[in-house]
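Below is the file work_7.cif, which contains mmCIF, C-alpha atoms.
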```cif
data_target
#
loop_
_atom_site.label_atom_id
_atom_site.label_comp_id
_atom_site.auth_asym_id
_atom_site.auth_seq_id
_atom_site.Cartn_x
_atom_site.Cartn_y
_atom_site.Cartn_z
CA ALA A 1 25.28 57.66 -4.98
CA PRO A 2 23.54 54.85 -6.80
CA THR A 3 25.42 51.58 -6.94
CA GLN A 4 26.55 50.58 -10.37
CA ARG A 5 26.47 46.91 -11.28
CA ARG A 6 27.82 45.23 -14.35
CA LEU A 7 25.42 42.83 -15.97
CA VAL A 8 27.13 39.85 -17.60
CA PRO A 9 25.14 38.03 -20.28
CA ALA A 10 24.85 34.31 -19.54
CA GLY A 11 22.62 31.31 -20.05
CA PRO A 12 21.93 28.86 -22.90
CA ALA A 13 20.40 31.47 -25.17
CA PHE A 14 23.43 33.79 -24.91
CA ILE A 15 25.86 30.89 -25.42
CA ASN A 16 24.02 29.86 -28.58
CA TYR A 17 24.04 33.48 -29.73
CA ALA A 18 27.78 33.84 -29.05
CA ARG A 19 28.58 30.56 -30.81
CA LEU A 20 26.56 31.61 -33.85
CA LYS A 21 28.31 35.01 -33.97
CA LEU A 22 31.91 33.93 -33.32
CA HIS A 23 32.05 30.69 -35.30
CA HIS A 24 29.47 31.12 -38.03
CA ASN A 25 28.98 34.88 -38.45
CA PHE A 26 25.22 34.48 -38.00
CA ASP A 27 25.07 32.01 -40.92
CA LEU A 28 22.49 29.39 -39.91
CA ASP A 29 23.33 27.04 -42.80
CA THR A 30 26.98 26.92 -41.74
CA HIS A 31 25.89 26.39 -38.17
CA ASP A 32 23.65 23.46 -39.14
CA LYS A 33 26.45 21.83 -41.16
CA HIS A 34 28.75 22.16 -38.17
CA LEU A 35 26.23 20.44 -35.91
CA GLU A 36 25.80 17.62 -38.41
CA THR A 37 29.58 17.12 -38.51
CA GLN A 38 29.72 17.05 -34.72
CA LYS A 39 26.93 14.49 -34.65
CA GLN A 40 28.77 12.20 -37.05
CA LYS A 41 31.98 12.49 -35.01
CA LEU A 42 30.08 11.60 -31.86
CA GLN A 43 28.52 8.56 -33.51
CA GLU A 44 31.91 7.39 -34.77
CA GLN A 45 33.38 7.88 -31.31
CA ASN A 46 30.59 5.88 -29.70
CA ALA A 47 31.03 3.11 -32.27
CA ALA A 48 34.78 3.04 -31.58
CA ASN A 49 34.26 2.89 -27.82
CA GLY A 50 31.80 0.05 -28.20
CA SER A 51 33.78 -1.98 -30.69
CA GLY A 52 34.04 -5.63 -29.71
CA GLU A 53 31.39 -5.26 -26.99
CA ASP A 54 28.31 -7.44 -27.40
CA ASP A 55 25.51 -5.47 -25.78
CA LEU A 56 22.69 -7.55 -27.35
CA GLY A 57 20.92 -4.37 -28.41
CA VAL A 58 20.23 -3.18 -24.85
CA GLY A 59 19.24 0.43 -24.51
CA ASP A 60 18.09 0.69 -28.13
CA GLU A 61 14.36 0.22 -27.68
CA PRO A 62 12.06 2.85 -29.26
CA GLU A 63 11.21 5.74 -26.96
CA SER A 64 7.57 6.78 -27.04
CA ALA A 65 6.41 10.31 -26.42
CA GLU A 66 4.80 9.11 -23.20
CA LEU A 67 8.10 7.69 -21.98
CA LEU A 68 10.04 10.86 -22.82
CA SER A 69 7.48 13.02 -20.99
CA LEU A 70 7.83 11.25 -17.62
CA ASP A 71 7.83 13.49 -14.57
CA PRO A 72 10.87 12.89 -12.31
CA LYS A 73 8.73 13.76 -9.28
CA GLU A 74 6.52 10.74 -10.01
CA TRP A 75 9.50 8.38 -9.83
CA LYS A 76 7.66 5.56 -8.06
CA LYS A 77 5.27 5.24 -10.99
CA HIS A 78 8.00 4.78 -13.62
CA ASP A 79 8.89 1.57 -15.42
CA TYR A 80 12.66 1.74 -14.98
CA TYR A 81 13.37 -1.13 -17.35
CA ALA A 82 11.53 0.79 -20.09
CA VAL A 83 13.43 3.98 -19.20
CA LEU A 84 16.76 2.23 -19.82
CA GLY A 85 15.52 0.28 -22.84
CA LEU A 86 15.52 -3.09 -21.04
CA SER A 87 11.83 -3.99 -21.32
CA HIS A 88 12.62 -7.25 -23.10
CA LEU A 89 14.93 -8.40 -20.27
CA ARG A 90 13.47 -6.89 -17.10
CA ILE A 91 14.36 -9.02 -14.06
CA ASN A 92 16.77 -11.06 -16.21
CA ALA A 93 18.88 -8.01 -17.09
CA THR A 94 22.43 -8.43 -15.80
CA PRO A 95 24.39 -5.66 -14.04
CA GLU A 96 26.60 -5.35 -17.13
CA GLN A 97 23.59 -4.91 -19.42
CA ILE A 98 22.17 -2.26 -17.08
CA LYS A 99 25.52 -0.46 -17.18
CA ILE A 100 25.66 -0.52 -20.99
CA ALA A 101 22.04 0.63 -21.36
CA HIS A 102 22.60 3.48 -18.92
CA ARG A 103 25.70 4.66 -20.77
CA LYS A 104 23.80 4.69 -24.07
CA LYS A 105 20.95 6.69 -22.59
CA VAL A 106 23.34 9.20 -21.01
CA LEU A 107 25.13 9.74 -24.31
CA LYS A 108 21.81 10.28 -26.03
CA HIS A 109 19.97 12.41 -23.46
CA HIS A 110 22.59 14.25 -21.40
CA PRO A 111 21.72 17.99 -21.58
CA ASP A 112 25.32 18.86 -22.49
CA LYS A 113 25.33 16.37 -25.36
CA LYS A 114 21.94 17.24 -26.77
CA VAL A 115 22.95 20.38 -28.69
CA SER A 116 25.69 18.61 -30.62
CA SER A 117 23.54 15.58 -31.36
CA SER A 118 20.42 17.43 -32.55
CA THR A 119 19.31 17.40 -36.17
CA PRO A 120 19.55 20.60 -38.27
CA GLN A 121 15.80 20.96 -38.28
CA GLU A 122 15.77 20.97 -34.51
CA THR A 123 18.66 23.42 -34.13
CA SER A 124 17.77 26.01 -36.73
CA SER A 125 15.96 27.95 -34.05
CA ILE A 126 19.08 28.86 -32.07
CA PHE A 127 17.38 31.09 -29.60
CA THR A 128 15.15 28.33 -28.26
CA ASN A 129 16.13 26.28 -25.22
CA LEU A 130 16.51 22.76 -26.63
CA ASN A 131 16.99 20.90 -23.36
CA THR A 132 13.67 21.51 -21.65
CA ASN A 133 12.28 17.95 -21.83
CA ASP A 134 15.60 16.12 -21.85
CA ASP A 135 16.57 17.61 -18.52
CA ALA A 136 13.55 15.88 -16.95
CA PHE A 137 14.02 12.59 -18.79
CA PHE A 138 17.72 12.59 -17.94
CA LYS A 139 16.76 12.73 -14.26
CA CYS A 140 14.52 9.70 -14.86
CA ILE A 141 17.45 7.87 -16.46
CA GLN A 142 19.66 8.60 -13.46
CA LYS A 143 16.96 7.45 -11.05
CA ALA A 144 16.46 4.25 -13.03
CA HIS A 145 20.20 3.55 -12.84
CA GLU A 146 20.20 4.26 -9.11
CA VAL A 147 17.34 1.82 -8.47
CA LEU A 148 18.43 -1.01 -10.76
CA THR A 149 22.05 -1.01 -9.56
CA ASN A 150 21.01 -1.20 -5.91
CA PRO A 151 20.12 -4.85 -5.06
CA GLU A 152 17.67 -3.93 -2.31
CA LYS A 153 15.89 -1.21 -4.29
CA ARG A 154 15.79 -3.41 -7.38
CA ARG A 155 14.24 -6.25 -5.36
CA GLN A 156 11.56 -3.87 -4.12
CA PHE A 157 10.85 -2.63 -7.66
CA ASP A 158 10.82 -6.16 -9.12
CA SER A 159 8.26 -7.14 -6.46
CA VAL A 160 5.75 -4.72 -7.97
CA ASP A 161 6.97 -4.79 -11.57
CA PRO A 162 4.08 -3.18 -13.52
CA THR A 163 4.13 -5.94 -16.15
CA VAL A 164 3.75 -8.57 -13.41
CA LEU A 165 0.87 -6.70 -11.76
CA ASP A 166 -0.89 -6.41 -15.14
CA ALA A 167 -0.40 -10.13 -15.81
CA GLU A 168 -1.83 -11.05 -12.41
CA GLU A 169 -5.05 -9.26 -13.32
CA ASP A 170 -5.48 -11.73 -16.21
CA ASP A 171 -4.82 -14.87 -14.15
CA PRO A 172 -7.64 -17.45 -14.30
CA LYS A 173 -10.17 -17.59 -11.47
CA GLU A 174 -12.17 -20.54 -10.18
CA LYS A 175 -15.39 -18.99 -11.44
CA ASP A 176 -13.97 -18.99 -14.99
CA PHE A 177 -14.31 -22.78 -15.09
CA ALA A 178 -17.68 -23.14 -13.38
CA LYS A 179 -19.51 -23.40 -16.71
CA LYS A 180 -16.89 -25.69 -18.24
CA GLY A 181 -17.38 -28.53 -15.80
CA ARG A 182 -13.93 -27.80 -14.29
CA LYS A 183 -12.18 -29.53 -17.18
CA LEU A 184 -9.34 -28.57 -19.51
CA ASP A 185 -7.64 -30.71 -22.09
CA ASP A 186 -3.89 -31.23 -21.81
CA LYS A 187 -2.89 -28.43 -24.19
CA ALA A 188 -5.25 -25.84 -22.70
CA PHE A 189 -4.15 -26.70 -19.16
CA PHE A 190 -0.43 -26.34 -19.82
CA ASP A 191 -0.88 -23.27 -22.04
CA THR A 192 -2.88 -21.60 -19.27
CA PHE A 193 -0.91 -22.47 -16.14
CA GLY A 194 2.60 -23.05 -17.50
CA PRO A 195 3.41 -19.34 -18.05
CA ILE A 196 1.84 -18.41 -14.69
CA PHE A 197 4.11 -20.67 -12.64
CA ALA A 198 7.11 -19.66 -14.76
CA ARG A 199 6.35 -16.02 -13.91
CA GLU A 200 5.87 -16.69 -10.20
CA SER A 201 9.14 -18.67 -10.03
CA ARG A 202 11.13 -15.42 -9.95
CA PHE A 203 9.93 -14.75 -6.39
CA SER A 204 11.13 -18.05 -4.90
CA ARG A 205 13.95 -18.03 -2.35
CA LYS A 206 14.70 -21.63 -3.33
CA GLN A 207 16.16 -22.15 -6.77
CA PRO A 208 15.77 -23.92 -9.12
CA VAL A 209 11.99 -24.03 -9.06
CA PRO A 210 10.15 -27.11 -10.39
CA GLN A 211 7.96 -26.17 -13.35
CA LEU A 212 4.54 -27.51 -14.35
CA GLY A 213 5.99 -30.11 -16.70
CA ASN A 214 3.90 -31.81 -19.38
CA ALA A 215 1.26 -34.47 -19.85
CA ASP A 216 3.88 -37.25 -19.60
CA SER A 217 5.34 -36.13 -16.24
CA SER A 218 5.71 -38.96 -13.72
CA LYS A 219 3.76 -39.23 -10.49
CA GLU A 220 6.88 -38.24 -8.53
CA GLU A 221 7.38 -35.12 -10.67
CA VAL A 222 3.74 -34.06 -10.30
CA GLU A 223 3.74 -34.63 -6.53
CA GLY A 224 7.08 -32.83 -6.19
CA PHE A 225 5.72 -29.86 -8.12
CA TYR A 226 2.66 -29.41 -5.90
CA ASP A 227 4.58 -30.10 -2.68
CA PHE A 228 7.01 -27.30 -3.61
CA TRP A 229 4.34 -24.78 -4.52
CA TYR A 230 2.19 -25.50 -1.47
CA SER A 231 5.21 -24.61 0.70
CA PHE A 232 6.38 -21.76 -1.57
CA ASP A 233 8.83 -19.40 0.17
CA SER A 234 8.57 -15.98 -1.50
CA TRP A 235 11.01 -13.09 -1.14
CA ARG A 236 8.46 -10.70 -2.62
CA SER A 237 7.88 -7.54 -0.58
CA PHE A 238 5.84 -4.39 -1.00
CA GLU A 239 7.99 -1.57 0.41
CA TRP A 240 7.95 0.12 -3.00
CA LEU A 241 4.28 0.98 -2.47
CA ASP A 242 4.93 2.67 0.88
CA LYS A 243 3.51 6.15 1.27
CA GLU A 244 6.05 8.91 1.80
CA VAL A 245 5.96 11.18 4.83
CA ASN A 246 4.33 14.51 4.00
CA GLU A 247 6.88 16.71 2.31
CA GLY A 248 8.23 19.39 4.64
CA SER A 249 6.94 17.68 7.76
CA ASP A 250 9.45 17.26 10.59
CA SER A 251 6.91 15.87 13.03
CA ARG A 252 8.03 12.62 14.64
CA ASP A 253 4.41 11.69 15.19
CA ASP A 254 3.73 11.98 11.44
CA LYS A 255 6.72 9.80 10.67
CA ARG A 256 5.77 7.15 13.24
CA TYR A 257 2.17 7.13 12.02
CA THR A 258 3.23 6.79 8.39
CA GLU A 259 5.74 4.04 9.19
CA LYS A 260 3.14 2.13 11.21
CA LYS A 261 0.58 2.45 8.43
CA ASN A 262 3.11 1.33 5.81
CA LYS A 263 4.05 -1.69 7.90
CA THR A 264 0.39 -2.67 8.22
CA GLU A 265 -0.18 -2.25 4.47
CA ARG A 266 2.90 -4.33 3.62
CA ALA A 267 1.67 -7.16 5.85
CA ARG A 268 -1.80 -6.99 4.29
CA ARG A 269 -0.43 -7.09 0.74
CA LYS A 270 1.90 -9.96 1.62
CA LYS A 271 -1.00 -11.95 3.07
CA GLU A 272 -3.16 -11.27 0.01
CA ASP A 273 -0.34 -12.28 -2.32
CA THR A 274 0.18 -15.55 -0.44
CA ALA A 275 -3.56 -16.28 -0.65
CA ARG A 276 -3.58 -15.41 -4.35
CA LEU A 277 -0.76 -17.83 -5.11
CA ARG A 278 -2.31 -20.56 -2.96
CA GLY A 279 -5.56 -20.12 -4.88
CA LEU A 280 -3.72 -20.58 -8.18
CA VAL A 281 -2.10 -23.79 -6.93
CA ASP A 282 -5.47 -25.10 -5.71
CA LEU A 283 -7.08 -24.28 -9.06
CA ALA A 284 -4.27 -25.91 -11.03
CA LEU A 285 -4.47 -29.06 -8.88
CA SER A 286 -8.24 -29.33 -9.36
CA LEU A 287 -7.91 -29.00 -13.16
CA ASP A 288 -4.70 -30.99 -13.70
CA PRO A 289 -5.52 -33.84 -16.14
CA ARG A 290 -2.54 -35.82 -14.83
CA ILE A 291 -4.16 -36.24 -11.41
CA LYS A 292 -7.02 -38.30 -12.87
CA ARG A 293 -4.54 -40.41 -14.82
CA ILE A 294 -2.42 -41.03 -11.71
CA LYS A 295 -5.48 -42.06 -9.66
CA GLU A 296 -6.61 -44.47 -12.36
CA GLU A 297 -3.13 -45.99 -12.52
CA GLU A 298 -3.05 -46.41 -8.73
CA LYS A 299 -6.49 -48.03 -8.73
CA ALA A 300 -5.45 -50.48 -11.42
CA ALA A 301 -2.26 -51.29 -9.53
CA ARG A 302 -4.21 -52.03 -6.33
CA ALA A 303 -6.65 -54.27 -8.20
CA ALA A 304 -3.79 -56.17 -9.80
CA LYS A 305 -2.10 -56.59 -6.43
CA LYS A 306 -5.27 -58.00 -4.85
CA ALA A 307 -5.80 -60.35 -7.77
CA GLY A 308 -2.23 -61.58 -7.37
CA ARG A 309 -2.73 -62.37 -3.66
CA SER A 310 -5.99 -64.29 -4.25
CA GLY A 311 -4.55 -66.54 -6.95
CA THR A 312 -7.19 -67.25 -9.57
CA ALA A 313 -9.89 -65.37 -7.71
CA THR A 314 -11.30 -62.42 -9.56
CA PRO A 315 -11.63 -59.00 -7.91
CA ASN A 316 -15.45 -59.39 -7.87
CA ASN A 317 -15.30 -62.79 -6.07
CA LYS A 318 -12.78 -61.41 -3.62
CA LYS A 319 -15.06 -58.52 -2.83
CA ALA A 320 -18.04 -60.85 -2.33
CA GLU A 321 -16.04 -62.99 0.08
CA GLU A 322 -14.96 -59.93 2.04
CA GLU A 323 -18.55 -58.71 2.29
CA ALA A 324 -19.76 -62.15 3.46
CA ALA A 325 -17.04 -62.31 6.13
CA LYS A 326 -17.91 -58.83 7.27
CA LYS A 327 -21.61 -59.70 7.49
CA ALA A 328 -20.90 -62.85 9.52
CA ALA A 329 -18.73 -60.90 11.92
CA GLU A 330 -21.47 -58.29 12.38
CA GLU A 331 -24.07 -61.00 13.09
CA GLU A 332 -21.79 -62.70 15.62
CA ALA A 333 -21.17 -59.39 17.37
CA LYS A 334 -24.90 -58.71 17.45
CA ARG A 335 -25.62 -62.16 18.94
CA LYS A 336 -23.02 -61.67 21.67
CA GLU A 337 -24.42 -58.26 22.49
CA GLU A 338 -27.94 -59.67 22.86
CA GLU A 339 -26.69 -62.47 25.14
CA GLU A 340 -24.83 -59.98 27.32
CA LYS A 341 -27.91 -57.78 27.50
CA LYS A 342 -30.08 -60.74 28.53
CA ALA A 343 -27.58 -61.76 31.20
CA ARG A 344 -27.53 -58.22 32.63
CA GLU A 345 -31.33 -58.14 32.79
CA GLU A 346 -31.47 -61.51 34.61
CA ALA A 347 -28.82 -60.37 37.06
CA LYS A 348 -30.79 -57.21 37.72
CA LYS A 349 -33.98 -59.20 38.37
CA ALA A 350 -32.18 -61.57 40.74
CA LYS A 351 -30.73 -58.64 42.67
CA ALA A 352 -34.15 -57.02 42.96
CA LYS A 353 -35.70 -60.29 44.15
CA ALA A 354 -33.01 -60.74 46.81
CA ALA A 355 -33.56 -57.20 48.03
CA ASN A 356 -37.31 -57.75 48.39
CA GLU A 357 -36.82 -60.96 50.32
CA ALA A 358 -34.39 -59.25 52.69
CA LYS A 359 -36.88 -56.44 53.24
CA LYS A 360 -39.66 -58.92 54.09
CA ALA A 361 -37.40 -60.74 56.52
CA ARG A 362 -36.68 -57.50 58.44
CA ARG A 363 -40.37 -56.75 58.75
CA ALA A 364 -41.07 -60.21 60.14
#
```

Can you dump the structure from the file as C-alpha cells?
Amino acid sequence: APTQRRLVPAGPAFINYARLKLHHNFDLDTHDKHLETQKQKLQEQNAANGSGEDDLGVGDEPESAELLSLDPKEWKKHDYYAVLGLSHLRINATPEQIKIAHRKKVLKHHPDKKVSSSTPQETSSIFTNLNTNDDAFFKCIQKAHEVLTNPEKRRQFDSVDPTVLDAEEDDPKEKDFAKKGRKLDDKAFFDTFGPIFARESRFSRKQPVPQLGNADSSKEEVEGFYDFWYSFDSWRSFEWLDKEVNEGSDSRDDKRYTEKKNKTERARRKKEDTARLRGLVDLALSLDPRIKRIKEEEKAARAAKKAGRSGTATPNNKKAEEEAAKKAAEEEAKRKEEEEKKAREEAKKAKAKAANEAKKARRA
C-alpha cells in the first residue's frame, strides 16, 4: 500500500501568510500599521537601552548599495571597519566602540528583526522573502566582529588595511622631484611628508613615535627623528594575503606547498615594505630644508670657534697660514726623500765597485 505522508506548511512565506490571516484578516493596511507600531517600539527600546551611553556615533555611517551587496564568501576582500560603520576610526577604534557598532548593526540587519523593522512600502508584498540580501550582509557583520575582536586577526587586517594600501600608492617618489631640483619649501615639505610618517607610525613596535616636527625643530629633534626611522621596527605582517588551500583538498602535499608558498610571499612582501619605508626616509632626508639650515649653522659655529682660537686673525688669514705651513712641510719631505734617494744610489755604486775589485783580485 502506498505510504501516506502529511505535508506541513512551513517557511517564511507561510508564516507571513498565517500572520496576515490570523492577526489582520488579510487586511494589508492593518498589517502595515502593525509593522509601523512594532518599528516604533523597537526604536524606543533601543533608545532606552542606549540611554546614557556615549557611542560617538559609531555604527551609524551610511550604507552604500555596494557595501550591502558584499559576498560573505569573499570575506578577505571586505573592509571590516566600513561593515561596522567605523571607517572614521579604523585602527583607533576601541574594543568598546567595536562592541557598540556591532550591536547596532545586529539590531538593524538581523534576519529575525528585519520584518518588524521594515517600512510599509517594503512589507506590502507579504509573499516575498524580505531577508534575501540581509542574510548575506549579516554574515559579513558577524565576520567583521570576529576579526576585529581578535587581536591577532585584527593586527593582520590592519597590516593590509585597504585605505593604507591606497594611500601608499600616492606616496611621493624620487622621480617626482627630478624636475624640481630636489627642493621643497617648508610648507610643501611638511604637508607632503608629515601625514606619511603619521600614517606609518601605527606599525611601530616602539611607542611613542617621533614625528616629523616643523621648521623650527632643533638639531637634536631632527637627528632623533631620522635615527628612529632608519632603525624602524615594524610589527606589520602579511598573513592576511595568504592563499587558502584548495577547498575540499585533504592532500598534505597541497597544504605543505601552499604553506611554503605563503611563507615565501610573506617574506617577500615584508622585504619590499621595509625597502619602501627606507626609500621614503631617504627621500625625506634629501629634501628636508632643516638639514641645510643645520649644516650652515654648524659651519658658522666652526668658523667662529677658529676665529676665537686665533685671536684677531681672520678666517682667511688663518687659512693662508695653514696652507703655507702645509706647503713648507711638503717641500721639506720632498727634500729629505731626494737626499735619501741620492744616498741609496751612492751606496749601490760603492757596493758595485767593491764587487768588481774583488772579482779582479780573484782573477789575478

Once the PyMOL selection byres ((chain A and resi 236-245) around 9) has been applied to the shown file, what residues remain in the selection, as a list in words? Lys76, Lys153, Arg155, Gln156, Phe157, Asp158, Ser159, Val160, Phe203, Ser204, Ser234, Trp235, Asn246, Glu247, Gly248, Ser249, Asp254, Lys255, Thr258, Glu259, Lys261, Asn262, Lys263, Glu265, Arg266, Ala267, Arg269, Lys270 and Asp273 of chain A

What do you get, as a PyMOL selection string, if you spell out every residue that the PyMOL selection byres ((chain A and resi 226) around 10) selects here? chain A and resi 210-212+221-225+227-232+281-282+284-285

Could you tell me how far CA of Lys104 (chain A) sits from CA of Ala82 (chain A), in Å to one decimal place?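 Interatomic distance, CA of Ala82 (chain A) to CA of Lys104 (chain A): 13.5 Å.
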
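Closest approach to Tyr81 (chain A) among A:Lys353, A:Lys342, A:Lys108, A:Arg154: A:Arg154, based on all atoms listed in the file.
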
Among listed residues A:Gln142, A:Gln4, A:Thr192, A:Gln207, nearest Trp75 (chain A) (using all atoms listed in the file):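 Of all the options, A:Gln142 lies closest to Trp75 (chain A).
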
Can you translate the PyMOL selection byres ((chain A and resi 187) around 12) into the concrete residues it hits in this file, as an NGL selection string? :A and (183-186 or 188-194 or 213-215 or 288-290)

Please measure the separation of CA of Glu200 (chain A) and CA of Ser218 (chain A), giving the value in Å to one decimal.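 Computing the Euclidean distance for CA of Glu200 (chain A) and CA of Ser218 (chain A) yields 22.5 Å.
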
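One distance worth recording is that between CA of Pro111 (chain A) and CA of Leu28 (chain A), which is 21.6 Å.
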
Given only C-alpha atoms as the basis, pick out the residue of A:Lys219, A:Arg344, A:Lys260, A:Arg276 nearest to Ile294 (chain A).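 The answer is A:Lys219, which sits nearest to Ile294 (chain A).
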
Across A:Ala328, A:Ile141, A:Leu283, A:Val8, the smallest distance to Tyr80 (chain A), with only C-alpha atoms counted, is shown by A:Ile141

Provide an axis-aligned box for all listed atoms of region 144-163 of chain A, padding each side by 8 Å; report its centre and its edge lengths in Å to one decimal, as lines of an AutoDock Vina configuration file.
```
center_x = 13.1
center_y = -1.4
center_z = -9.2
size_x = 34.0
size_y = 27.4
size_z = 29.8
```
